[in-house]
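*Asks:* This is the structure I want to talk about, given as structure tokens.
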Amino acid sequence: MKISEKWLREWVSPKLDTRALAHRLTMAGLEVSAVESVAPNLDQVVVGEITSVAPHPSADKLRLCRVNIGKGGKLDIVCGAANAAVGMKAPVALAGATLPNGTKIKQTEIRGVSSSGMLCSAAELGLAETAEGLLALDSDAKPGMSLSDYLALDDVTLEVDLTPNRGDCLSIAGMARELAALTGAKIKSPAIKPVPAKHRQKMTIKLDASADCPRYVGRVITDINPDAATPLWMKEKLRRGGVRSIHPVVDVTNFVMLELGQPMHAFDRDKLQGIIHVRQAGKNESLVLLDGNRIKLEPGSLLIADDRQPLALAGIVGGLDSAVSRTTRHLFLESAWFRPEAISLRARAQGLQTESSQRFERGVDPALQKLAVERATSLLLEIIGGKPGPVIEQTVRRYLPRVSPVTLRIARVAQRLGLCVPEKNMERILKSLGMKLKKSGKHWTVLPPSHRFDIRREEDLIEEIARVHGYDRIPAHRPRIEMTAPRVAESGISESRLHALLIDRDYQEVITYSFVDPKIQTLVDPQTTPLSLANPISADMAVMRTTLWPGLLQTILYNQNRQQKRIRLFENGRTFQPQGRDILQERMLGGAVYGEALAEQWGASGRGADYYDVKADVEALLTLAGIDGACQFHPAQHPALHPGQMAEITRHGDRIGLLGLLHPEVQTRLGLDQPVVLFELRLTAIQGRAVPIFHEFSRFPSIRRDIAIIVLEAIPAQAVLSCVQKAAGKRLVNLELFDEYRGKGIDSGRKSLALGLTLQDSSRTLNEDDVEQVMAEVMASLRSELGAIPRQ
């Protein structure tokens, strides 16, 4: 928010210079991010009065003006402005002046006529971006007076960045209240008196959406002067507040908004039909905005309407069909209180952020509406005349916000702040903020004013005491730290340990956004409908990820486009799986490998990373977790993975992860040049492990037997290993699959597997009969369960 320092000092003027004032506000939580001059240097620019205008003898579009500049006499100035007229007062740049755009003014000759200066527009003086004609000054401007003195341009604007809970400070009045509390200076607010009615005309108001608009105040003003102009002092205050001048009526409503913090709107009374409805939009309704654009209204949007059509998007922007114009003779003023949530949701949905919506969505004082109407009425009568009618008010009190008393324990302040603030100081601070106090024993019951709807609990009051007392006056203390080592469970594996294993295996960690591109999300996980964001940062970050793969694939694509040929990434993050009306947020560990299996070297020829390379990395994670023996890799199907090169990882029948090659079609649609192997594991499944238990080594020798069997190609090796382990029993201490063969000597559709079995007993030496019995049981089990036959 921009505020003029001079305007602020009209309300409250502490004995602080600009720099000290900005620092005091910043240290109280009202950060002043910038201090800027309201105008460039305008030395040698004075007020001039045009006393005569004559045609230029050699140019149809130029005129010769005689200009009175007071004690400096009268100057002849050639001017091309269409609005130059006798009696007009306008800025004059004297010879020797330099304008903000770098133009140097000097005595010159224009088309054969001498010109001793320049009559200026607001744009040429750096007071506006564009301008049509000369800057017309008010009648009280004295010829020869410095323009900087007349317009009080020795002023600065303070750019104040407010936190969302301080909507009460979005006005001169709000900032003045704060500054008075911070410095002890007195507030000199303008006297706002009720304006008596001159006629009985009213508008009937019906609050059809009273929960969203429980208070609506209005007034009819008739017979205004349509030719009146906004006075220059008001235009300047609006400009310094970041608002451009539009029309005297609009300017007054904007002025009241900047001054008091209450957004207002004015309708052309003659364009209204029937009664005023505050209602929600129905289906297929639209509104032409003030800029001429027609928008489709979402059902449920809060509207101001008459019996015929919508008039305005409540609290956000007005409509063109009922707007005031240069032909307007009769007005209807509106000042209302809208529920913040009703405004913020619709403003964002329509992509409309206005000065009005900014205030309403942060919260406006519910006691301010009638006062704002009286202030606006008084200013309008002063500028455009007219006859005011009675103030109309409709209120449904049960929906208005109520301030509730808050209990403040005196001892709690010192406990929270680490600082002992005297009771008298605390009482003075709270009262200076407009709060009412009632002491009872060792605590106060505090009633906040209506504009401080952010004060709801004890901590809020403690914060106010700290702010006004001064954050910079709170002493710094070193925190007390217990020097004891935390207890670490032996059964757990830290995330850092898992990360370290992958880093040791040449992976790099990445952190990607939880919200991803809907197109990539659909490619990777088309079976799940992701959670869509109501207000995404951008269209390619519009849904919550259901897997880590979209972020990993986008990172690989980003690096591929920057000539990276070998990429190995992992990420530890949360995924978001919709489950009915709930969202399952589960931490996963995912990885992606692209390019060569090994970095370029002389010791091995180059080859692309494949399924088995990444499977080894996954098995290393399972081994670290101590669950490699309990996990199995099963063929499975996933729409984003190659159907012949993927596996589902299970433990005791529960799926704990996936592993596989990215489907070639998905790879092509993403624009990836080389295959990508992906994996993803549930973090909870690999973080818990059994505590290692010591077992004494057997003192007796072990015996190894190798067997070769022939089975169907469709039978996975894991099924063979499981069958052998089950049949061999406890005497099997090691089992290895050391060969697989297809080809000559093996029937089509079959394969040969060679297994090495190591047998040992902890209590005695195994003899030949013991070994033969185990091997016989193994072969019998393989034959009966898998149809295996020995290879001859």
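Starting from 1 in every chain, residues are counted up; chains themselves are A, B, ... following the order of the structure tokens, and ligands are numbered from 1 as listed.
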Which residues are near segment 736-752 of chain A? Cut-off 7 Å, only C-alpha atoms, ignore same chain within fewer than 3 positions. Put them as a list in words.
*Replies:*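 In the requested format, the answer is Ala708, Ile709, Ile710, Val711, Leu712, Glu713, Leu755, Gly756 and Leu757 of chain A.
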*Asks:* With only C-alpha atoms as the counted atoms, please give the residues lying no more than 12 Å from Thr575 of chain A, apart from itself and same-chain residues fewer than 2 positions off, as a PyMOL selection string.
*Replies:* chain A and resi 512-516+521+530-531+543-551+571-573+577-578+583-590+680-683
*Asks:* Skipping near chain neighbours, those fewer than 2 positions away, what residues fall within 8 Å of segment 177-180 of chain A using only C-alpha atoms, listed as a PDB file with C-alpha atoms, in the first residue's frame?
*Replies:*
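Result saved to part31.pdb:
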ATOM      1  CA  VAL A  12      -0.919  12.478  13.195  1.00  0.00           C
ATOM      2  CA  PRO A  14       5.041  12.769  15.559  1.00  0.00           C
ATOM      3  CA  LEU A  25       6.692   1.554  11.473  1.00  0.00           C
ATOM      4  CA  CYS A 169      -4.063  -0.583   8.315  1.00  0.00           C
ATOM      5  CA  ALA A 173      -6.862   6.332   9.373  1.00  0.00           C
ATOM      6  CA  GLY A 174      -5.485   2.866  10.162  1.00  0.00           C
ATOM      7  CA  MET A 175      -1.870   3.923   9.758  1.00  0.00           C
ATOM      8  CA  LEU A 182       3.718   3.876  18.636  1.00  0.00           C
ATOM      9  CA  THR A 183       4.773   7.461  19.311  1.00  0.00           C
ATOM     10  CA  GLY A 184       2.192   8.877  21.709  1.00  0.00           C
ATOM     11  CA  ALA A 185       1.263  11.650  19.247  1.00  0.00           C
ATOM     12  CA  LYS A 186      -2.349  12.806  19.113  1.00  0.00           C
ATOM     13  CA  ILE A 187      -4.669  11.994  16.226  1.00  0.00           C
ATOM     14  CA  SER A 432      -3.547   3.399  22.920  1.00  0.00           C
ATOM     15  CA  LEU A 433      -4.605   0.655  20.492  1.00  0.00           C
TER      16      LEU A 433
END
*Asks:* Would you return as a VMD selection string the members of segment 435-603 of chain A that DSSP assigns to strand (DSSP E or B) on this structure's backbone?
*Replies:* chain A and resid 436 to 440 443 to 447 492 508 to 509 515 to 516 532 543 to 544 567 to 579 582 to 594 596
*Asks:* If we count only C-alpha atoms and set the cut-off at 12 Å, which residues sit around Gly385 of chain A, ignoring sequence neighbours fewer than 6 positions away in its own chain? Please answer as a list in words.
*Replies:*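 Here the qualifying residues turn out to be Ile221, Thr222, Asp223, Ile224, Asn225, Pro226, Asp227, Ala228, Ala229, Pro248, Val249, Arg329, His330, Leu331, Thr377, Ser378 and Leu379 of chain A.
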*Asks:* Could you tell me how far atom CA of Ala367 of chain A sits from atom CA of Pro448 of chain A, in Å to one decimal place?
*Replies:*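 One can read the atom CA of Pro448 of chain A to atom CA of Ala367 of chain A distance as 13.2 Å.
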*Asks:* Please report the interatomic distance between atom CA of Ala609 of chain A and atom CA of Ile656 of chain A in Å with one decimal.
*Replies:*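 These atoms are spaced 23.2 Å apart.
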*Asks:* So that I can check the surroundings of Arg473 of chain A, please list as a count of residues only every protein, DNA and RNA residue that reaches within 10 Å of it, counting only C-alpha atoms and ignoring chain neighbours fewer than 4 positions away.
*Replies:* 5
*Asks:* Just checking: using only C-alpha atoms, which residue out of A:Leu158, A:Val195, A:Leu119, A:Leu659 ends up closest to Gly389 of chain A?
*Replies:*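 Counting only C-alpha atoms, the residue closest to Gly389 of chain A is A:Val195.
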*Asks:* Write out as a ChimeraX atom specification which residues come within 9 Å of Val733 of chain A when counting only C-alpha atoms, dropping same-chain ones fewer than 6 positions away.
*Replies:* /A:702,757-761
*Asks:* Restricted to N, CA and C atoms, what would the selected residues look like written as a PDB file, in the first residue's frame?
*Replies:*
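Below is the file again-v6.pdb, written as the result:
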ATOM      1  N   SER A 702      31.025 -77.477   5.879  1.00  0.00           N
ATOM      2  CA  SER A 702      29.873 -77.383   4.993  1.00  0.00           C
ATOM      3  C   SER A 702      30.136 -78.207   3.747  1.00  0.00           C
ATOM      4  N   LEU A 757      23.962 -75.362  -3.900  1.00  0.00           N
ATOM      5  CA  LEU A 757      23.385 -75.474  -2.564  1.00  0.00           C
ATOM      6  C   LEU A 757      24.507 -75.741  -1.572  1.00  0.00           C
ATOM      7  N   THR A 758      24.633 -74.941  -0.540  1.00  0.00           N
ATOM      8  CA  THR A 758      25.603 -75.167   0.522  1.00  0.00           C
ATOM      9  C   THR A 758      24.848 -75.647   1.753  1.00  0.00           C
ATOM     10  N   LEU A 759      25.216 -76.855   2.244  1.00  0.00           N
ATOM     11  CA  LEU A 759      24.530 -77.475   3.379  1.00  0.00           C
ATOM     12  C   LEU A 759      25.480 -77.531   4.563  1.00  0.00           C
ATOM     13  N   GLN A 760      24.924 -77.356   5.772  1.00  0.00           N
ATOM     14  CA  GLN A 760      25.736 -77.386   6.990  1.00  0.00           C
ATOM     15  C   GLN A 760      24.821 -77.599   8.183  1.00  0.00           C
ATOM     16  N   ASP A 761      25.350 -78.270   9.186  1.00  0.00           N
ATOM     17  CA  ASP A 761      24.602 -78.486  10.434  1.00  0.00           C
ATOM     18  C   ASP A 761      25.409 -77.882  11.573  1.00  0.00           C
TER      19      ASP A 761
END
